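Enquirer: Dropping in model.txt, with compact mmCIF, C-alpha atoms.
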```
# COMPACT_ATOMS: atom_id res chain seq x y z
CA MET H 678 19.51 7.52 -10.86
CA SER H 679 18.15 9.40 -7.81
CA VAL H 680 18.54 7.93 -4.34
CA HIS H 681 15.32 6.94 -2.61
CA HIS H 682 14.86 8.46 0.84
CA LEU H 683 13.00 6.42 3.45
CA LEU H 684 11.78 7.24 6.95
CA MET H 685 11.82 4.60 9.69
CA ILE H 686 9.66 5.22 12.76
CA GLU H 687 11.04 2.72 15.26
CA ASP H 688 11.97 2.97 18.95
CA ASP H 689 14.69 0.30 18.71
CA ALA H 690 17.67 2.46 17.77
CA ARG H 691 19.96 -0.52 17.28
CA LEU H 692 17.54 -2.16 14.83
CA ALA H 693 17.13 1.14 12.97
CA GLN H 694 20.90 1.51 12.69
CA MET H 695 21.28 -2.03 11.33
CA VAL H 696 18.46 -1.50 8.84
CA GLY H 697 19.93 1.84 7.79
CA GLU H 698 23.35 0.31 7.16
CA TYR H 699 21.90 -2.57 5.14
CA LEU H 700 19.65 -0.34 3.04
CA GLY H 701 22.52 2.09 2.54
CA GLN H 702 24.58 -0.72 1.04
CA ASN H 703 21.74 -1.23 -1.44
CA GLY H 704 21.38 2.35 -2.60
CA LEU H 705 18.70 3.60 -0.20
CA LYS H 706 18.98 6.38 2.37
CA LEU H 707 17.22 5.96 5.71
CA ASN H 708 16.28 8.63 8.23
CA HIS H 709 15.19 7.49 11.69
CA CYS H 710 12.66 8.79 14.21
CA GLY H 711 12.38 7.10 17.59
CA ASP H 712 8.70 7.78 18.30
CA GLY H 713 5.44 8.40 16.52
CA LEU H 714 5.10 12.12 17.09
CA SER H 715 8.58 12.95 15.79
CA GLY H 716 7.89 10.72 12.81
CA LEU H 717 4.70 12.61 12.03
CA ALA H 718 6.55 15.91 12.41
CA ALA H 719 9.10 14.74 9.83
CA LEU H 720 6.26 14.30 7.33
CA GLN H 721 4.83 17.78 7.85
CA VAL H 722 7.02 19.64 5.38
CA THR H 723 6.10 22.45 3.01
CA ASP H 724 8.11 21.09 0.09
CA PRO H 725 6.66 17.85 -1.35
CA GLN H 726 10.13 16.99 -2.68
CA ALA H 727 11.30 16.73 0.94
CA LEU H 728 8.84 13.93 1.71
CA PRO H 729 10.22 10.40 2.07
CA ASP H 730 9.46 7.91 -0.69
CA LEU H 731 8.26 5.40 1.91
CA VAL H 732 7.69 5.09 5.67
CA ILE H 733 8.73 1.98 7.60
CA LEU H 734 6.44 2.06 10.64
CA ASP H 735 6.68 -0.09 13.76
CA LEU H 736 3.42 -0.78 15.58
CA MET H 737 4.95 -0.70 19.08
CA LEU H 738 6.07 2.85 19.82
CA PRO H 739 6.69 4.59 23.17
CA ASP H 740 4.20 7.45 22.73
CA ILE H 741 1.38 6.62 20.30
CA ASP H 742 0.99 3.24 18.64
CA GLY H 743 1.79 2.68 14.99
CA LEU H 744 -1.85 2.23 13.99
CA GLU H 745 -2.62 5.74 15.22
CA VAL H 746 0.46 7.05 13.42
CA CYS H 747 -0.79 5.44 10.19
CA ARG H 748 -4.23 7.00 10.67
CA ARG H 749 -2.68 10.43 11.16
CA ILE H 750 -0.44 10.02 8.10
CA ARG H 751 -3.48 9.31 5.95
CA ALA H 752 -5.17 12.42 7.42
CA LEU H 753 -2.24 14.76 6.63
CA PRO H 754 -2.90 17.50 4.07
CA GLY H 755 -1.56 17.29 0.54
CA PRO H 756 0.85 14.69 -0.88
CA ALA H 757 2.07 13.58 2.56
CA ALA H 758 -1.16 11.59 3.03
CA GLN H 759 -0.23 9.41 0.04
CA THR H 760 3.18 8.42 1.37
CA PRO H 761 3.42 4.60 1.21
CA VAL H 762 3.56 2.87 4.62
CA LEU H 763 5.20 -0.48 5.31
CA MET H 764 4.18 -1.71 8.75
CA LEU H 765 6.33 -3.83 11.04
CA THR H 766 3.99 -6.09 13.02
CA ALA H 767 4.28 -8.71 15.73
CA LYS H 768 4.85 -12.17 14.30
CA GLY H 769 1.73 -14.33 14.34
CA ASP H 770 -0.73 -11.50 14.98
CA PRO H 771 -2.87 -11.25 11.83
CA MET H 772 -5.36 -8.88 13.47
CA ASP H 773 -2.78 -6.08 13.65
CA ARG H 774 -2.08 -6.64 9.96
CA VAL H 775 -5.75 -6.53 9.04
CA ILE H 776 -6.35 -3.35 11.02
CA GLY H 777 -3.23 -1.77 9.55
CA LEU H 778 -4.32 -2.53 6.00
CA GLU H 779 -7.81 -1.26 6.74
CA ILE H 780 -6.54 2.14 7.89
CA GLY H 781 -4.28 2.59 4.89
CA ALA H 782 -0.97 0.73 5.20
CA ASP H 783 0.38 -0.50 1.86
CA ASP H 784 2.10 -3.63 3.13
CA TYR H 785 3.29 -5.32 6.33
CA LEU H 786 6.24 -7.37 7.49
CA PRO H 787 6.21 -9.48 10.68
CA LYS H 788 9.09 -9.18 13.15
CA PRO H 789 11.67 -10.62 13.28
CA PHE H 790 12.41 -10.22 9.58
CA GLU H 791 15.23 -10.90 7.18
CA PRO H 792 16.80 -7.69 5.83
CA ARG H 793 16.59 -9.12 2.30
CA GLU H 794 12.83 -9.52 2.61
CA LEU H 795 12.51 -5.95 3.90
CA LEU H 796 14.51 -4.73 0.91
CA ALA H 797 12.38 -6.78 -1.50
CA ARG H 798 9.15 -5.33 -0.10
CA ILE H 799 10.50 -1.78 -0.21
CA ARG H 800 11.53 -2.20 -3.83
CA ALA H 801 8.13 -3.70 -4.67
CA ILE H 802 6.31 -0.69 -3.22
CA LEU H 803 8.61 1.75 -5.00
CA ARG H 804 8.00 -0.09 -8.30
CA ARG H 805 4.25 0.11 -7.78
CA GLN H 806 4.60 3.85 -7.25
CA GLY H 807 6.23 4.16 -10.63
CA HIS H 808 9.88 4.47 -9.58
CA GLY H 809 11.47 2.52 -12.41
CA ALA H 810 8.25 0.76 -13.38
CA VAL H 811 7.42 -0.40 -16.87
CA GLU H 812 5.46 2.21 -18.80
CA ALA H 813 1.70 1.75 -18.62
CA PRO H 814 -0.85 2.73 -21.23
CA SER H 815 -1.58 6.43 -20.83
CA GLN H 816 -5.29 6.51 -21.60
CA ALA H 817 -7.72 6.66 -18.71
CA LEU H 818 -10.05 3.76 -17.95
CA ARG H 819 -13.72 4.79 -17.80
CA PHE H 820 -16.64 2.75 -16.53
CA GLY H 821 -19.77 4.87 -16.21
CA THR H 822 -19.02 7.60 -13.66
CA LEU H 823 -15.81 5.84 -12.55
CA GLU H 824 -12.57 7.09 -14.10
CA ILE H 825 -9.11 5.64 -13.45
CA ASP H 826 -6.23 7.84 -14.63
CA ARG H 827 -3.14 5.65 -14.81
CA ASP H 828 -0.78 8.56 -15.51
CA ALA H 829 -1.93 10.74 -12.62
CA ARG H 830 -2.64 7.64 -10.47
CA THR H 831 -6.02 9.01 -9.46
CA VAL H 832 -9.52 7.54 -9.25
CA THR H 833 -12.67 9.63 -9.42
CA VAL H 834 -16.37 8.78 -9.21
CA GLY H 835 -18.65 11.45 -10.61
CA GLY H 836 -15.71 13.85 -10.56
CA GLN H 837 -15.04 13.25 -6.84
CA LEU H 838 -11.54 12.06 -5.94
CA CYS H 839 -11.36 8.65 -4.21
CA GLU H 840 -8.72 7.97 -1.56
CA LEU H 841 -6.72 4.80 -2.23
CA THR H 842 -3.25 3.67 -1.22
CA SER H 843 -0.65 3.02 -3.91
CA TYR H 844 -1.20 -0.73 -3.65
CA GLN H 845 -4.98 -0.42 -3.73
CA PHE H 846 -4.76 1.73 -6.86
CA ASP H 847 -2.69 -0.94 -8.59
CA LEU H 848 -5.11 -3.67 -7.51
CA LEU H 849 -8.00 -1.67 -8.95
CA VAL H 850 -6.14 -1.13 -12.24
CA ALA H 851 -5.33 -4.85 -12.45
CA LEU H 852 -9.04 -5.67 -12.10
CA ALA H 853 -10.27 -2.90 -14.41
CA GLU H 854 -7.85 -3.87 -17.18
CA ARG H 855 -9.37 -7.37 -17.04
CA ALA H 856 -13.00 -6.27 -16.71
CA GLY H 857 -15.43 -9.14 -17.11
CA ARG H 858 -12.86 -11.80 -16.22
CA VAL H 859 -13.15 -13.71 -12.96
CA LEU H 860 -9.76 -13.59 -11.23
CA SER H 861 -8.55 -15.60 -8.26
CA ARG H 862 -6.75 -13.84 -5.41
CA GLU H 863 -3.49 -15.32 -6.67
CA GLN H 864 -4.07 -14.01 -10.20
CA ILE H 865 -4.87 -10.53 -8.89
CA MET H 866 -1.77 -10.40 -6.71
CA GLU H 867 0.43 -11.75 -9.49
CA ALA H 868 -0.92 -9.06 -11.83
CA VAL H 869 0.46 -6.36 -9.54
CA ARG H 870 4.17 -6.06 -10.21
CA GLY H 871 6.54 -7.00 -7.42
CA ARG H 872 4.03 -8.51 -5.02
CA GLU H 873 5.02 -11.94 -3.73
CA LEU H 874 2.40 -14.45 -2.70
CA GLU H 875 2.43 -15.38 0.96
CA ALA H 876 0.49 -17.40 3.48
CA PHE H 877 -1.60 -14.41 4.60
CA ASP H 878 -3.13 -13.91 1.17
CA ARG H 879 -6.51 -13.06 2.73
CA SER H 880 -5.12 -9.53 3.09
CA ILE H 881 -6.38 -9.09 -0.47
CA ASP H 882 -9.92 -9.16 0.92
CA VAL H 883 -9.11 -6.28 3.26
CA HIS H 884 -7.81 -4.21 0.36
CA MET H 885 -10.89 -5.03 -1.72
CA GLY H 886 -13.06 -3.83 1.11
CA ARG H 887 -11.18 -0.52 1.17
CA ILE H 888 -11.45 -0.13 -2.59
CA ARG H 889 -15.18 -0.81 -2.48
CA ALA H 890 -15.60 1.75 0.30
CA ALA H 891 -13.94 4.30 -1.98
CA ILE H 892 -15.65 3.61 -5.32
CA GLU H 893 -19.00 1.94 -4.61
CA VAL H 894 -22.24 3.79 -3.89
CA ASP H 895 -23.09 1.06 -1.37
CA PRO H 896 -20.02 -1.01 -0.42
CA LYS H 897 -22.29 -3.65 1.14
CA ALA H 898 -24.05 -4.13 -2.20
CA PRO H 899 -21.21 -3.58 -4.68
CA LYS H 900 -21.91 -3.08 -8.38
CA ARG H 901 -18.36 -2.59 -9.64
CA ILE H 902 -16.22 -5.21 -7.87
CA LEU H 903 -18.16 -8.42 -7.40
CA THR H 904 -17.19 -11.40 -5.27
CA VAL H 905 -17.32 -14.82 -6.91
CA ARG H 906 -17.59 -17.23 -4.02
CA GLY H 907 -14.89 -19.84 -3.88
CA VAL H 908 -12.98 -18.21 -6.72
CA GLY H 909 -12.12 -14.53 -6.31
CA TYR H 910 -13.35 -11.27 -7.83
CA VAL H 911 -14.62 -9.83 -11.11
CA PHE H 912 -14.73 -6.20 -12.19
CA ALA H 913 -18.06 -5.47 -13.90
CA LYS H 914 -17.83 -4.26 -17.50
CA GLN H 915 -21.19 -2.47 -17.48
CA GLN H 916 -21.56 0.19 -14.80
CA ASP H 917 -23.74 3.22 -14.10
```
Here is the file; what I need is its structure written in the form of structure tokens.
Expert:
Amino acid sequence: MSVHHLLMIEDDARLAQMVGEYLGQNGLKLNHCGDGLSGLAALQVTDPQALPDLVILDLMLPDIDGLEVCRRIRALPGPAAQTPVLMLTAKGDPMDRVIGLEIGADDYLPKPFEPRELLARIRAILRRQGHGAVEAPSQALRFGTLEIDRDARTVTVGGQLCELTSYQFDLLVALAERAGRVLSREQIMEAVRGRELEAFDRSIDVHMGRIRAAIEVDPKAPKRILTVRGVGYVFAKQQD
């Protein structure tokens, strides 16, 4: 089994060392960058195999803030832009979490955190990426001009590639596989392997907004992912 390589962008060297030691004891290798610019430089490699499997990103950095780092990661050329990002946010500040999810972070963890919870979230993201995940049906899902390729983990509308994070892709697949069924937020999150329910479950709405922005002709008047007030969401079976 290959060792997963992670990158932690964090200015607290002592915390990074402790996290690195704990993750190392659990079969993960951690590289550390102390500021945002050096972290971004570490992602700008010519060999995709040299990219980390996941970035642990602190919001409070000495040069540029973590939100800007996340934006720049998503703007990188090639596979680097798809690198999963786990944000470390200030405890009790949901706005940072919402903004982080909106600009492309895959998950968040408030500080201070338990190392076991960090490990659980890392493993959940890696499973969603397909590292050790259960095999999924290989055929593509097609709804009108929308095509979801579960093998390639790509989404296209009219042949144009849509930009989604790893978690957003899995949320879309969970909905599309249950097209026509009204699902609560809890049912949607439970359908995505490895995701634990938590108090801030409204983050699902942020992700849905991002998915709609990617796949809908008019995200403000969606035709594919419909909101059922007081219940959750439904993915429309019949689409243009």
Enquirer: To test the calculation: enclose all listed atoms of segment 770-784 of chain H in a box whose edges run along x, y and z, add 8 Å on each side, then state centre and edge lengths in Å to one decimal, as lines of an AutoDock Vina configuration file.
Expert:
```
center_x = -2.9
center_y = -4.5
center_z = 8.4
size_x = 25.9
size_y = 30.1
size_z = 29.1
```
Enquirer: I'd like to know which of H:Gly836, H:Pro771, H:Gly781, H:Gly697 is closest to Gly886 of chain H, using all atoms listed in the file.
Expert: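 Answer, going by the shortest atom-to-atom distance: H:Gly781.
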Enquirer: List as a list in words the protein and nucleic acid residues near Val762 of chain H, meaning an atom at most 8 Å away when only C-alpha atoms are counted, but skip any in the same chain fewer than 5 places from it.
Expert: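 Selected residues are Leu731, Val732, Ile733, Leu734, Cys747, Gly781, Ala782, Asp783 and Asp784 of chain H.
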Enquirer: Suppose you want the space between atom CA of Arg798 of chain H and atom CA of Asp735 of chain H; what is it in Å?
Expert: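 Interatomic distance here is 15.0 Å.
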Enquirer: Using all atoms listed in the file, can you tell me which of H:Thr822, H:Asn708, H:Thr766, H:Gln845 comes closest to Ala727 of chain H?
Expert: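 The answer is H:Asn708, which sits nearest to Ala727 of chain H.
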Enquirer: Go ahead and find all residues with at least one atom no further than 10 Å from (-19.7, 4.2, -15.0) in the file's coordinates, using all atoms listed in the file; report them as a PDB file with C-alpha atoms, in the coordinates of the input.
Expert:
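Saved file point_36.pdb follows:
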```pdb
ATOM      1  CA  ARG H 819     -13.720   4.790 -17.800  1.00  0.00           C
ATOM      2  CA  PHE H 820     -16.640   2.750 -16.530  1.00  0.00           C
ATOM      3  CA  GLY H 821     -19.770   4.870 -16.210  1.00  0.00           C
ATOM      4  CA  THR H 822     -19.020   7.600 -13.660  1.00  0.00           C
ATOM      5  CA  LEU H 823     -15.810   5.840 -12.550  1.00  0.00           C
ATOM      6  CA  GLU H 824     -12.570   7.090 -14.100  1.00  0.00           C
ATOM      7  CA  VAL H 834     -16.370   8.780  -9.210  1.00  0.00           C
ATOM      8  CA  GLY H 835     -18.650  11.450 -10.610  1.00  0.00           C
ATOM      9  CA  ARG H 901     -18.360  -2.590  -9.640  1.00  0.00           C
ATOM     10  CA  ALA H 913     -18.060  -5.470 -13.900  1.00  0.00           C
ATOM     11  CA  LYS H 914     -17.830  -4.260 -17.500  1.00  0.00           C
ATOM     12  CA  GLN H 915     -21.190  -2.470 -17.480  1.00  0.00           C
ATOM     13  CA  GLN H 916     -21.560   0.190 -14.800  1.00  0.00           C
ATOM     14  CA  ASP H 917     -23.740   3.220 -14.100  1.00  0.00           C
TER      15      ASP H 917
END
```
Enquirer: Atom CA of Arg805 of chain H and atom CA of Leu849 of chain H are how many Å apart?
Expert: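 One can read the atom CA of Arg805 of chain H to atom CA of Leu849 of chain H distance as 12.4 Å.
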